Amino acid sequence: MFARSAARSVPSRPGEAVEVEESLGVLERARRFGTSKLSLQRLVFVHELVECAHDIGYDATVAYLLPLVQNLVTDPEVLVRQSLMERFGDLAGFLIQADPEKGYEKVARALLPTAKLLLAEKANDVRQSAIDAFITLASHLRAGDCGDQVLMPVIALSQSNDDEEARSTAVQLLSSLAEALGPDLCKQFVGVQLEAFCEDQSFRVRKAAAAGFAEVARMLSCADVLRRLVPAFEKLTKDPHWGVKKAAAENLVTFALTVPVDQRQEAFQPMVNSLLKDNSRFVSCAMLQQLGYFIGALEGAEHQPVVFMTQFVAVIRQSKANPDAADMTYHCAFTFASVTRTMGSAEWPSLK
């Protein structure tokens, strides 16, 4: 780890060499590397952060390593910030395991706010690592802390009217955090915000919203899903931008599976019909790829519109005749067993 036996030179940039003092103790080496002017040494500190924490114990980690971590969140090097976020989950696990009560407080009051600072990061890789870290840290929180510590920062991001990336980040976070936030917060805040995202001025935000419905729907009652989320999702299937409609087609079945089977056809068949007939080939093809999955989701021949079965068979025949339709062939093959089971033996001749 940080303790080594001798000094050596490590290349940092072309023409440079970094003298690494390997006779230092674990803690002293960590403190020196964590505050080094050389980005390579700071990166070494980050890479070995969790191992160092295990070596020096909880008290020393809190006293010496956490202040370094909080300083490095504003490091000028993108790779240092990204790597730091990638280690927050394991660091949180160490803190809570070492001292369940005090460690929990450090995760909630120190690590989570630190990760929050990078949620609006301009560098994509850093921002995504911060999103992943924030989601992981939130999973450790008790229900009573989720509102202030998790939900409010995300709501603040969602209200960044002049920052499209911040709102897109908020969409991703709200759906990923739905389970951690629980039914009450999802009903009061998350569902409402997801509806608002469906009317966002940016098509990228609306496109991102399409992927978040299933996770949020699992936290809401069926009545709330049908009354609020289904109409909001239907707007996405009729969006002016083809990319939003394509995203809706790709996520429709996953969302439909959160609704009781006896209500899926009524709620989603009109959307499927609309997407299949869309003027954009990208949209209609995306829905055709999902058609077999949707037929299977209806779980019974009595729920199946004849037109869906006809189209599914037509897709199979067209795919067999077109060697370039590999993606369509894959989806048809993958869903064939489900479709035949759903349709029943009476329809088997048409599938031969």
# chains A, B, ... in the order shown; residues from 1 in each chain; ligands from 1

$ select_by_dssp --residues "range 7-201 of chain A" --states "alpha helix (DSSP H)" --output "short mmCIF file (atom, residue, chain, number, x, y, z; two decimals) with N, CA, C and O atoms, in the first residue's frame"
data_model
loop_
_atom_site.label_atom_id
_atom_site.label_comp_id
_atom_site.auth_asym_id
_atom_site.auth_seq_id
_atom_site.Cartn_x
_atom_site.Cartn_y
_atom_site.Cartn_z
N VAL A 26 2.54 4.77 6.37
CA VAL A 26 1.30 4.80 5.59
C VAL A 26 0.62 6.15 5.67
O VAL A 26 0.27 6.76 4.65
N LEU A 27 0.42 6.66 6.88
CA LEU A 27 -0.31 7.92 7.04
C LEU A 27 0.48 9.10 6.51
O LEU A 27 -0.07 9.96 5.80
N GLU A 28 1.77 9.16 6.82
CA GLU A 28 2.58 10.29 6.36
C GLU A 28 2.65 10.33 4.84
O GLU A 28 2.58 11.39 4.21
N ARG A 29 2.78 9.17 4.24
CA ARG A 29 2.82 9.10 2.77
C ARG A 29 1.50 9.57 2.18
O ARG A 29 1.46 10.29 1.19
N ALA A 30 0.39 9.13 2.79
CA ALA A 30 -0.93 9.55 2.30
C ALA A 30 -1.09 11.05 2.39
O ALA A 30 -1.58 11.70 1.46
N ARG A 31 -0.68 11.63 3.51
CA ARG A 31 -0.82 13.08 3.68
C ARG A 31 0.06 13.84 2.69
O ARG A 31 -0.34 14.88 2.16
N ARG A 32 1.26 13.30 2.43
CA ARG A 32 2.15 13.97 1.49
C ARG A 32 1.61 13.87 0.06
O ARG A 32 1.61 14.86 -0.68
N PHE A 33 1.16 12.69 -0.31
CA PHE A 33 0.64 12.51 -1.67
C PHE A 33 -0.68 13.26 -1.86
O PHE A 33 -0.95 13.79 -2.94
N GLY A 34 -1.51 13.28 -0.84
CA GLY A 34 -2.81 13.93 -0.97
C GLY A 34 -2.73 15.43 -1.13
O GLY A 34 -3.67 16.06 -1.63
N SER A 39 0.12 16.00 -9.93
CA SER A 39 -1.17 15.33 -10.10
C SER A 39 -1.05 13.81 -10.00
O SER A 39 -1.95 13.13 -9.53
N LEU A 40 0.09 13.27 -10.45
CA LEU A 40 0.27 11.82 -10.39
C LEU A 40 0.26 11.32 -8.95
O LEU A 40 -0.34 10.29 -8.64
N GLN A 41 0.91 12.06 -8.06
CA GLN A 41 0.93 11.64 -6.66
C GLN A 41 -0.46 11.78 -6.03
O GLN A 41 -0.87 10.94 -5.22
N ARG A 42 -1.18 12.82 -6.39
CA ARG A 42 -2.54 12.96 -5.86
C ARG A 42 -3.42 11.82 -6.37
O ARG A 42 -4.29 11.31 -5.66
N LEU A 43 -3.18 11.40 -7.61
CA LEU A 43 -3.95 10.29 -8.17
C LEU A 43 -3.61 8.98 -7.46
O LEU A 43 -4.50 8.15 -7.21
N VAL A 44 -2.34 8.79 -7.12
CA VAL A 44 -1.95 7.61 -6.35
C VAL A 44 -2.67 7.60 -5.00
O VAL A 44 -3.17 6.56 -4.55
N PHE A 45 -2.72 8.75 -4.36
CA PHE A 45 -3.43 8.85 -3.08
C PHE A 45 -4.89 8.42 -3.23
O PHE A 45 -5.41 7.65 -2.42
N VAL A 46 -5.54 8.91 -4.27
CA VAL A 46 -6.95 8.58 -4.49
C VAL A 46 -7.13 7.09 -4.76
O VAL A 46 -8.01 6.44 -4.20
N HIS A 47 -6.27 6.54 -5.61
CA HIS A 47 -6.40 5.13 -5.97
C HIS A 47 -6.26 4.21 -4.77
O HIS A 47 -6.87 3.14 -4.71
N LEU A 49 -6.84 5.15 -1.57
CA LEU A 49 -7.52 5.78 -0.45
C LEU A 49 -8.19 4.77 0.47
O LEU A 49 -8.01 4.80 1.70
N VAL A 50 -8.98 3.88 -0.08
CA VAL A 50 -9.75 2.95 0.75
C VAL A 50 -8.83 1.96 1.45
O VAL A 50 -9.01 1.65 2.63
N GLU A 51 -7.83 1.49 0.74
CA GLU A 51 -6.87 0.57 1.36
C GLU A 51 -6.14 1.25 2.51
O GLU A 51 -5.90 0.66 3.57
N CYS A 52 -5.79 2.51 2.29
CA CYS A 52 -5.13 3.27 3.35
C CYS A 52 -6.04 3.42 4.56
O CYS A 52 -5.61 3.29 5.71
N ALA A 53 -7.32 3.69 4.32
CA ALA A 53 -8.28 3.83 5.42
C ALA A 53 -8.34 2.56 6.26
O ALA A 53 -8.36 2.61 7.49
N HIS A 54 -8.35 1.42 5.60
CA HIS A 54 -8.35 0.15 6.33
C HIS A 54 -7.07 -0.01 7.15
O HIS A 54 -7.10 -0.55 8.26
N ASP A 55 -5.95 0.45 6.61
CA ASP A 55 -4.67 0.29 7.30
C ASP A 55 -4.57 1.18 8.53
O ASP A 55 -4.04 0.75 9.57
N ILE A 56 -5.06 2.40 8.45
CA ILE A 56 -4.85 3.35 9.56
C ILE A 56 -6.03 3.40 10.52
O ILE A 56 -5.91 3.96 11.61
N TYR A 58 -10.38 3.86 11.62
CA TYR A 58 -11.46 4.85 11.49
C TYR A 58 -11.04 6.24 11.97
O TYR A 58 -11.23 7.23 11.26
N ASP A 59 -10.50 6.34 13.17
CA ASP A 59 -10.21 7.66 13.75
C ASP A 59 -9.22 8.45 12.90
O ASP A 59 -9.42 9.64 12.64
N ALA A 60 -8.16 7.80 12.46
CA ALA A 60 -7.17 8.49 11.64
C ALA A 60 -7.74 8.86 10.27
O ALA A 60 -7.42 9.90 9.71
N LEU A 66 -10.25 12.35 5.44
CA LEU A 66 -11.46 13.03 4.97
C LEU A 66 -11.22 14.50 4.61
O LEU A 66 -11.76 14.98 3.61
N PRO A 67 -10.42 15.24 5.40
CA PRO A 67 -10.13 16.62 4.96
C PRO A 67 -9.41 16.67 3.61
O PRO A 67 -9.67 17.57 2.80
N LEU A 68 -8.53 15.71 3.36
CA LEU A 68 -7.86 15.66 2.06
C LEU A 68 -8.86 15.36 0.95
O LEU A 68 -8.79 15.94 -0.14
N VAL A 69 -9.77 14.45 1.23
CA VAL A 69 -10.80 14.09 0.25
C VAL A 69 -11.64 15.31 -0.11
O VAL A 69 -11.92 15.57 -1.28
N GLN A 70 -12.03 16.07 0.90
CA GLN A 70 -12.87 17.24 0.64
C GLN A 70 -12.13 18.31 -0.14
O GLN A 70 -12.73 19.07 -0.90
N ASN A 71 -10.81 18.39 0.04
CA ASN A 71 -10.03 19.34 -0.75
C ASN A 71 -9.88 18.89 -2.20
O ASN A 71 -9.92 19.70 -3.13
N LEU A 72 -9.74 17.59 -2.41
CA LEU A 72 -9.51 17.07 -3.76
C LEU A 72 -10.75 17.11 -4.64
O LEU A 72 -10.65 16.92 -5.85
N VAL A 78 -9.05 16.49 -13.99
CA VAL A 78 -10.30 15.76 -14.18
C VAL A 78 -10.19 14.33 -13.67
O VAL A 78 -11.09 13.82 -12.99
N LEU A 79 -9.08 13.66 -13.98
CA LEU A 79 -8.93 12.26 -13.61
C LEU A 79 -8.90 12.08 -12.10
O LEU A 79 -9.40 11.07 -11.57
N VAL A 80 -8.34 13.04 -11.39
CA VAL A 80 -8.32 12.96 -9.92
C VAL A 80 -9.74 13.05 -9.38
O VAL A 80 -10.14 12.27 -8.51
N ARG A 81 -10.51 14.00 -9.88
CA ARG A 81 -11.89 14.17 -9.39
C ARG A 81 -12.74 12.95 -9.74
O ARG A 81 -13.52 12.46 -8.92
N GLN A 82 -12.58 12.44 -10.95
CA GLN A 82 -13.34 11.27 -11.36
C GLN A 82 -12.99 10.05 -10.50
O GLN A 82 -13.88 9.34 -10.01
N SER A 83 -11.71 9.81 -10.32
CA SER A 83 -11.27 8.65 -9.54
C SER A 83 -11.72 8.77 -8.08
O SER A 83 -12.05 7.76 -7.44
N LEU A 84 -11.73 9.98 -7.57
CA LEU A 84 -12.18 10.20 -6.20
C LEU A 84 -13.64 9.77 -6.03
O LEU A 84 -14.00 9.07 -5.08
N MET A 85 -14.48 10.19 -6.97
CA MET A 85 -15.90 9.82 -6.89
C MET A 85 -16.09 8.31 -7.00
O MET A 85 -16.97 7.74 -6.36
N GLU A 86 -15.26 7.66 -7.78
CA GLU A 86 -15.39 6.21 -7.97
C GLU A 86 -15.08 5.42 -6.70
O GLU A 86 -15.45 4.25 -6.60
N PHE A 88 -15.93 6.60 -3.54
CA PHE A 88 -16.78 7.04 -2.44
C PHE A 88 -17.65 5.91 -1.88
O PHE A 88 -17.90 5.85 -0.68
N GLY A 89 -18.13 5.03 -2.73
CA GLY A 89 -18.97 3.94 -2.25
C GLY A 89 -18.22 3.03 -1.29
O GLY A 89 -18.72 2.69 -0.21
N ASP A 90 -17.00 2.64 -1.67
CA ASP A 90 -16.20 1.77 -0.81
C ASP A 90 -15.75 2.50 0.46
O ASP A 90 -15.67 1.89 1.53
N LEU A 91 -15.47 3.79 0.33
CA LEU A 91 -15.08 4.56 1.51
C LEU A 91 -16.25 4.65 2.49
O LEU A 91 -16.06 4.51 3.71
N ALA A 92 -17.45 4.86 1.97
CA ALA A 92 -18.64 4.90 2.84
C ALA A 92 -18.85 3.56 3.52
O ALA A 92 -19.18 3.50 4.72
N GLY A 93 -18.65 2.48 2.79
CA GLY A 93 -18.78 1.15 3.38
C GLY A 93 -17.81 0.95 4.53
O GLY A 93 -18.17 0.38 5.57
N PHE A 94 -16.57 1.41 4.35
CA PHE A 94 -15.58 1.28 5.42
C PHE A 94 -16.00 2.07 6.65
O PHE A 94 -15.94 1.58 7.78
N LEU A 95 -16.44 3.32 6.45
CA LEU A 95 -16.80 4.17 7.58
C LEU A 95 -17.95 3.58 8.39
O LEU A 95 -17.91 3.54 9.62
N ILE A 96 -18.97 3.11 7.70
CA ILE A 96 -20.14 2.57 8.40
C ILE A 96 -19.82 1.24 9.07
O ILE A 96 -20.27 0.96 10.18
N GLN A 97 -19.01 0.44 8.42
CA GLN A 97 -18.63 -0.84 9.01
C GLN A 97 -17.73 -0.64 10.23
O GLN A 97 -17.86 -1.35 11.23
N ALA A 98 -16.84 0.35 10.16
CA ALA A 98 -15.92 0.59 11.27
C ALA A 98 -16.63 1.16 12.49
O ALA A 98 -16.29 0.82 13.63
N PRO A 100 -20.72 2.06 13.06
CA PRO A 100 -22.05 2.23 12.45
C PRO A 100 -22.71 3.58 12.70
O PRO A 100 -23.32 4.13 11.78
N GLU A 101 -22.59 4.13 13.89
CA GLU A 101 -23.26 5.40 14.18
C GLU A 101 -22.45 6.60 13.70
O GLU A 101 -22.93 7.42 12.92
N LYS A 102 -21.21 6.71 14.16
CA LYS A 102 -20.39 7.84 13.74
C LYS A 102 -20.06 7.78 12.25
O LYS A 102 -20.02 8.81 11.57
N GLY A 103 -19.83 6.57 11.77
CA GLY A 103 -19.54 6.41 10.35
C GLY A 103 -20.72 6.83 9.49
O GLY A 103 -20.54 7.46 8.44
N TYR A 104 -21.92 6.48 9.94
CA TYR A 104 -23.12 6.90 9.20
C TYR A 104 -23.20 8.42 9.13
O TYR A 104 -23.52 8.99 8.08
N GLU A 105 -22.91 9.08 10.24
CA GLU A 105 -22.95 10.54 10.26
C GLU A 105 -21.94 11.14 9.29
O GLU A 105 -22.23 12.14 8.62
N LYS A 106 -20.78 10.53 9.20
CA LYS A 106 -19.77 11.04 8.26
C LYS A 106 -20.21 10.86 6.82
O LYS A 106 -19.97 11.72 5.97
N LEU A 112 -21.68 12.69 1.37
CA LEU A 112 -22.80 12.99 0.47
C LEU A 112 -22.77 14.45 0.00
O LEU A 112 -22.89 14.71 -1.21
N PRO A 113 -22.59 15.43 0.89
CA PRO A 113 -22.48 16.81 0.41
C PRO A 113 -21.27 17.03 -0.51
O PRO A 113 -21.32 17.87 -1.41
N THR A 114 -20.19 16.28 -0.27
CA THR A 114 -19.02 16.40 -1.13
C THR A 114 -19.32 15.90 -2.54
O THR A 114 -18.97 16.54 -3.53
N ALA A 115 -19.99 14.75 -2.62
CA ALA A 115 -20.38 14.22 -3.94
C ALA A 115 -21.36 15.16 -4.64
O ALA A 115 -21.31 15.32 -5.86
N LYS A 116 -22.22 15.79 -3.86
CA LYS A 116 -23.21 16.71 -4.43
C LYS A 116 -22.55 17.85 -5.19
O LYS A 116 -23.08 18.33 -6.20
N ASN A 124 -18.06 15.31 -18.42
CA ASN A 124 -19.06 14.24 -18.40
C ASN A 124 -18.67 13.06 -17.52
O ASN A 124 -19.49 12.54 -16.77
N ASP A 125 -17.42 12.61 -17.63
CA ASP A 125 -16.99 11.44 -16.86
C ASP A 125 -17.02 11.71 -15.36
O ASP A 125 -17.40 10.85 -14.57
N VAL A 126 -16.63 12.91 -14.98
CA VAL A 126 -16.66 13.27 -13.56
C VAL A 126 -18.10 13.34 -13.07
O VAL A 126 -18.43 12.83 -11.99
N ARG A 127 -18.95 13.97 -13.86
CA ARG A 127 -20.35 14.11 -13.46
C ARG A 127 -21.02 12.74 -13.32
O ARG A 127 -21.75 12.49 -12.35
N GLN A 128 -20.77 11.83 -14.27
CA GLN A 128 -21.38 10.51 -14.18
C GLN A 128 -20.87 9.74 -12.96
O GLN A 128 -21.63 9.05 -12.29
N SER A 129 -19.58 9.88 -12.67
CA SER A 129 -19.04 9.23 -11.48
C SER A 129 -19.65 9.82 -10.21
O SER A 129 -19.91 9.10 -9.24
N ALA A 130 -19.89 11.13 -10.22
CA ALA A 130 -20.53 11.77 -9.07
C ALA A 130 -21.98 11.30 -8.92
O ALA A 130 -22.46 11.08 -7.80
N ILE A 131 -22.67 11.13 -10.04
CA ILE A 131 -24.05 10.61 -9.99
C ILE A 131 -24.06 9.22 -9.38
O ILE A 131 -24.86 8.92 -8.48
N ASP A 132 -23.17 8.37 -9.86
CA ASP A 132 -23.10 7.00 -9.33
C ASP A 132 -22.76 7.00 -7.85
O ASP A 132 -23.33 6.22 -7.06
N ALA A 133 -21.83 7.86 -7.45
CA ALA A 133 -21.45 7.94 -6.04
C ALA A 133 -22.61 8.44 -5.19
O ALA A 133 -22.88 7.90 -4.10
N PHE A 134 -23.31 9.45 -5.67
CA PHE A 134 -24.44 10.01 -4.93
C PHE A 134 -25.53 8.96 -4.73
O PHE A 134 -26.10 8.83 -3.64
N ILE A 135 -25.81 8.18 -5.77
CA ILE A 135 -26.82 7.13 -5.67
C ILE A 135 -26.39 6.06 -4.66
O ILE A 135 -27.19 5.61 -3.83
N THR A 136 -25.13 5.67 -4.72
CA THR A 136 -24.62 4.67 -3.78
C THR A 136 -24.68 5.16 -2.34
O THR A 136 -25.12 4.44 -1.43
N LEU A 137 -24.26 6.40 -2.12
CA LEU A 137 -24.28 6.96 -0.77
C LEU A 137 -25.71 7.09 -0.27
O LEU A 137 -26.00 6.83 0.91
N ALA A 138 -26.62 7.48 -1.14
CA ALA A 138 -28.02 7.63 -0.74
C ALA A 138 -28.62 6.31 -0.28
O ALA A 138 -29.49 6.28 0.59
N ALA A 143 -34.37 6.50 6.17
CA ALA A 143 -35.49 7.15 5.49
C ALA A 143 -35.66 8.60 5.92
O ALA A 143 -35.94 9.48 5.11
N GLY A 144 -35.46 8.88 7.19
CA GLY A 144 -35.66 10.23 7.69
C GLY A 144 -34.68 11.25 7.16
O GLY A 144 -34.94 12.46 7.21
N ASP A 145 -33.54 10.79 6.66
CA ASP A 145 -32.52 11.72 6.15
C ASP A 145 -32.61 11.93 4.65
O ASP A 145 -31.94 12.82 4.11
N CYS A 146 -33.42 11.13 3.98
CA CYS A 146 -33.43 11.18 2.51
C CYS A 146 -34.00 12.49 1.97
O CYS A 146 -33.56 12.98 0.93
N MET A 152 -33.72 17.16 -1.78
CA MET A 152 -33.64 18.60 -1.98
C MET A 152 -32.52 19.02 -2.94
O MET A 152 -32.73 19.88 -3.80
N PRO A 153 -31.32 18.42 -2.84
CA PRO A 153 -30.28 18.78 -3.82
C PRO A 153 -30.68 18.43 -5.26
O PRO A 153 -30.36 19.17 -6.19
N VAL A 154 -31.41 17.32 -5.43
CA VAL A 154 -31.82 16.92 -6.77
C VAL A 154 -32.91 17.86 -7.29
O VAL A 154 -32.91 18.25 -8.47
N ILE A 155 -33.83 18.24 -6.42
CA ILE A 155 -34.87 19.20 -6.82
C ILE A 155 -34.23 20.52 -7.23
O ILE A 155 -34.66 21.16 -8.20
N ALA A 156 -33.19 20.92 -6.51
CA ALA A 156 -32.49 22.16 -6.86
C ALA A 156 -31.88 22.06 -8.26
O ALA A 156 -31.94 23.02 -9.05
N LEU A 157 -31.31 20.91 -8.59
CA LEU A 157 -30.76 20.71 -9.93
C LEU A 157 -31.86 20.79 -10.99
O LEU A 157 -31.67 21.35 -12.07
N SER A 158 -33.01 20.23 -10.67
CA SER A 158 -34.11 20.20 -11.64
C SER A 158 -34.65 21.59 -11.95
O SER A 158 -35.32 21.79 -12.96
N GLU A 164 -29.13 22.86 -18.99
CA GLU A 164 -29.76 21.64 -19.50
C GLU A 164 -29.12 20.38 -18.91
O GLU A 164 -29.81 19.41 -18.58
N GLU A 165 -27.80 20.40 -18.75
CA GLU A 165 -27.10 19.24 -18.20
C GLU A 165 -27.53 18.97 -16.76
O GLU A 165 -27.67 17.82 -16.34
N ALA A 166 -27.72 20.04 -15.99
CA ALA A 166 -28.15 19.87 -14.60
C ALA A 166 -29.53 19.23 -14.53
O ALA A 166 -29.78 18.34 -13.71
N ARG A 167 -30.42 19.65 -15.41
CA ARG A 167 -31.77 19.06 -15.41
C ARG A 167 -31.74 17.61 -15.88
O ARG A 167 -32.46 16.76 -15.35
N SER A 168 -30.89 17.31 -16.85
CA SER A 168 -30.75 15.92 -17.29
C SER A 168 -30.19 15.05 -16.17
O SER A 168 -30.60 13.89 -15.99
N THR A 169 -29.26 15.60 -15.42
CA THR A 169 -28.72 14.89 -14.26
C THR A 169 -29.81 14.63 -13.23
O THR A 169 -29.90 13.55 -12.65
N ALA A 170 -30.66 15.63 -13.02
CA ALA A 170 -31.75 15.49 -12.06
C ALA A 170 -32.71 14.38 -12.47
O ALA A 170 -33.20 13.61 -11.63
N VAL A 171 -32.99 14.27 -13.77
CA VAL A 171 -33.87 13.20 -14.26
C VAL A 171 -33.28 11.84 -13.91
O VAL A 171 -33.96 10.96 -13.37
N GLN A 172 -32.01 11.66 -14.22
CA GLN A 172 -31.35 10.38 -13.95
C GLN A 172 -31.35 10.06 -12.46
O GLN A 172 -31.60 8.92 -12.05
N LEU A 173 -31.09 11.07 -11.65
CA LEU A 173 -31.03 10.85 -10.21
C LEU A 173 -32.40 10.51 -9.63
O LEU A 173 -32.52 9.60 -8.79
N LEU A 174 -33.43 11.21 -10.05
CA LEU A 174 -34.76 10.97 -9.48
C LEU A 174 -35.23 9.55 -9.73
O LEU A 174 -35.80 8.90 -8.85
N SER A 175 -35.01 9.06 -10.94
CA SER A 175 -35.44 7.69 -11.23
C SER A 175 -34.59 6.67 -10.49
O SER A 175 -35.10 5.70 -9.93
N SER A 176 -33.29 6.90 -10.44
CA SER A 176 -32.39 5.95 -9.77
C SER A 176 -32.57 5.94 -8.26
O SER A 176 -32.31 4.94 -7.60
N ALA A 178 -35.47 6.55 -6.68
CA ALA A 178 -36.88 6.37 -6.31
C ALA A 178 -37.04 5.37 -5.16
O ALA A 178 -37.77 5.62 -4.20
N GLU A 179 -36.36 4.24 -5.25
CA GLU A 179 -36.50 3.23 -4.21
C GLU A 179 -35.97 3.73 -2.87
O GLU A 179 -36.58 3.49 -1.82
N ALA A 180 -34.83 4.43 -2.89
CA ALA A 180 -34.26 4.95 -1.65
C ALA A 180 -35.16 6.02 -1.04
O ALA A 180 -35.28 6.12 0.19
N LEU A 181 -35.80 6.82 -1.88
CA LEU A 181 -36.66 7.89 -1.37
C LEU A 181 -37.97 7.36 -0.81
O LEU A 181 -38.54 7.95 0.11
N GLY A 182 -38.47 6.27 -1.36
CA GLY A 182 -39.67 5.65 -0.82
C GLY A 182 -40.97 6.21 -1.39
O GLY A 182 -40.98 7.25 -2.07
N PRO A 183 -42.08 5.53 -1.12
CA PRO A 183 -43.38 5.89 -1.71
C PRO A 183 -43.85 7.30 -1.39
O PRO A 183 -44.39 7.98 -2.27
N ASP A 184 -43.69 7.74 -0.16
CA ASP A 184 -44.24 9.05 0.22
C ASP A 184 -43.57 10.19 -0.54
O ASP A 184 -44.25 11.06 -1.11
N LEU A 185 -42.24 10.20 -0.54
CA LEU A 185 -41.53 11.26 -1.24
C LEU A 185 -41.73 11.16 -2.75
O LEU A 185 -41.79 12.18 -3.44
N GLY A 191 -42.81 12.09 -8.54
CA GLY A 191 -43.77 11.94 -9.62
C GLY A 191 -44.14 13.28 -10.24
O GLY A 191 -44.25 13.41 -11.48
N VAL A 192 -44.32 14.28 -9.40
CA VAL A 192 -44.67 15.62 -9.89
C VAL A 192 -43.55 16.18 -10.76
O VAL A 192 -43.79 16.75 -11.83
N GLN A 193 -42.31 16.00 -10.30
CA GLN A 193 -41.18 16.52 -11.06
C GLN A 193 -40.99 15.78 -12.38
O GLN A 193 -40.64 16.37 -13.40
N LEU A 194 -41.26 14.47 -12.37
CA LEU A 194 -41.14 13.69 -13.60
C LEU A 194 -42.16 14.17 -14.63
O LEU A 194 -41.85 14.27 -15.83
N GLU A 195 -43.36 14.47 -14.18
CA GLU A 195 -44.37 15.04 -15.09
C GLU A 195 -43.87 16.35 -15.69
O GLU A 195 -44.05 16.61 -16.89
N ALA A 196 -43.25 17.18 -14.86
CA ALA A 196 -42.75 18.47 -15.35
C ALA A 196 -41.65 18.29 -16.38
O ALA A 196 -41.57 19.03 -17.37
N PHE A 197 -40.80 17.29 -16.18
CA PHE A 197 -39.72 17.04 -17.13
C PHE A 197 -40.26 16.67 -18.52
O PHE A 197 -39.59 16.91 -19.52
#

$ residues_around --residues "Pro240 in chain A" --least-positions-apart "2" --cutoff "12 Å" --atoms "only C-alpha atoms" --output "PyMOL selection string"
chain A and resi 198-199+201-203+206-207+235-238+242-246+278-280+283

$ closest_residue --among "A:Arg227, A:Gly147, A:Asp239, A:Leu220" --to "Asp200 in chain A" --atoms "only C-alpha atoms"
A:Asp239

$ closest_residue --among "A:Gln263, A:Thr254, A:Ser36, A:Gln311" --to "Val216 in chain A" --atoms "only C-alpha atoms"
A:Thr254

$ atom_distance --atom1 "CA of Thr258 in chain A" --atom2 "CA of Gln290 in chain A"
16.2 Å
